[in-house]
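The next block holds one structure in the form of structure tokens; read it before the comments.
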Amino acid sequence: MSGPIFAVEHLTLAYPGNRGRPAVPVLTDVSLEVARGGALTLVGPSGSGKSTLLRCLNRLEEPTAGTVRFDGRDVRSLDPRELRRQAALVMQTPVLFEGTVRDNLCLRPAGTPGDFSEARLKEGLIEVGLEPDFLDRDAATLSGGEKQRVTIARALLRDPQALLLDEPTSALDPPNAALVVETISRARGARRLSIVAVTHQPELVRRLGGSLVFLVRGRVEAYERLDGDAPAIGDARLQAFLAGESPHAVSGQP
Amino acid sequence: MTSAPSVIDLSVWQLGLALLLVGVVVLVSLRQGLGLERDLLVGSVRTIVQLYLVGLILAAVFSAARWYLVVLVVAVMTAIATQAAVSRLTKPIPGGHQIAALALTVSTAVTLAYVIGVVVRVRPWYEPQYVIPIAGMILGNAMTSASLAGDRLQGDLRSRAPEVETMLALGFSGREAVQPLVRAALRAAMIPTVNGMMTVGVVQLPGMMTGQILAGSSPLVAIGYQIVVMFMLAAGTAMASLLFVRLAAGRYLTAAHQLRRYLL
């Protein structure tokens, strides 16, 4: 199999306006590809549509126009629940439900295939750098970083083909963020996972490599390939953005 | 349930004396600077006018005793209750009017039919003296519980959207993902009714029972009816809030198991 895992073509998304007001454009004519086993990072100022774009990939959002293909197939032709198992989402703020870590790892719809045996659950925790005895911990007592690693373990236990990460480190302090970056890189190496990440964490961008898309006001402003250990980012606006300058100054707007 | 000879018919003068009670409230409002005088006056006038109009209409319907007039009155009451239920929501629910109308119509019709036809066995079934007050009680409570449930669901969808979307992202259906919120909304809507069943008659005598006793019924007859009313209200509110919340939750979900966040 060689085709891209995700192919987004001319994707546009606008929310219907309230009470006859005009529609609110969120994404405009976005096209991109994610290679199988590859990575793509979405960056851009807040409100630029990065999360919305990510959520179009597992069809939590419905584009107004354009297509999203997963593994060569239009996502509209797939059962969204199966698509979401194959393309697992990890959100910025980890959501764990009442119960133990085990309850949370095993949370799945009836009939979900996969190995949820005790041994596998323990392996899953080790894979994200947590002790196996975490299984019986009350989920509510975990720290933010531990919670995030449990949600990553929960996603990986379903054996997804792709991992969608929505700012997975931005709610964490630097040491925990570093652990999560480490976890993601390791899991990717071991499993040949495709990864699409919204992140401002330079370390995560560097470790993922692949491509980088710079979104401003829902449009692709720059689309770069970062190959090798020290990516040469050609686009001046993108460089400035990653260096922390104001996105509005960067894109030439007041 | 006909009025016993001992009932004192109130004269206009007696109603005027009752109005003095509002005068006391107006004085308090003026003294304490509550600024409620205007509303109190408007409220008093509306109370008098609305109730007299309703009294005239009911008197006409009662003496005509035609089934279609009774159905018409109940339909108008349902329409007003629908409007009131929807207007109490903090933020409009898309298609809220149709949902509320359906929930109130079905819950009232089913409960009313059971109480009138099976429990009390009113003959003829459209006897307005029974149908209209009973329908009014069911509707009033169904309306309150439906809007309580809807409000709670809306608030929870806003504050717990990440939970819902986590469930969706894990492959659960839309219905499964909102189930905990639906449950919380139903509990919130049912609690006043259940609490009412716990304290009825101990803390205060319910309005209907009071009315029957004042009208000369023996307290034991009144209690019989009140028991029926309590159970009927429990059924009516449960049905109305369940239908309303289920349908309303559906409005926030798509066939592709997506949460329509922009509506929240």
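Just so we're on the same page: first chain in the structure tokens is A, next is B, and so on; residues restart at 1 for each chain, and ligands are numbered from 1 in the order they show up.
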Could you go through stretch 137-184 of chain A and tell me which residues DSSP, when run on the backbone, assigns to helix (DSSP H, G or I), listing them as a VMD selection string? chain A and resid 139 to 141 144 to 156 174 to 184
Within 6 Å of chain A, which residues belong to chain B? Use only C-alpha atoms and report them as an MDAnalysis selection string. chainID B and resid 169 171:172 258
Can you pull out the residues contacting B:Thr193? Cut-off 12 Å, using only C-alpha atoms, and skip same-chain residues under 4 positions away; I want them as a PyMOL selection string. chain B and resi 138+141-142+144-145+148+186-189+197-200+229-238+241
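Between B:Val70 and the residues B:Val7, B:Ile132, B:Val42, B:Leu214, the shortest atom-to-atom distance, using only C-alpha atoms, involves B:Ile132.
Using only C-alpha atoms, the nearest neighbour of B:Val245 within the list B:Glu163, B:Asp39, B:Glu176, B:Asp151 is B:Asp151.
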What's around A:Asp29 at 6 Å? Count only C-alpha atoms, leave out sequence neighbours fewer than 6 positions away in its own chain, and write the answer as number ranges by chain. A: 10-12
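Distance check against A:Gly38 using only C-alpha atoms: of A:Pro4, A:Pro174, A:Pro168, A:Pro22, the minimum falls on A:Pro4.
Residues in contact with B:Arg88 at 12 Å, where only C-alpha atoms are counted and same-chain residues fewer than 6 positions away are skipped, are listed as Ala81, Thr82, Gly96, His97, Ala100, Met143, Thr144, Ser145, Ala146, Ser147, Leu148, Ala149, Gly150, Asp151 and Arg152 of chain B.
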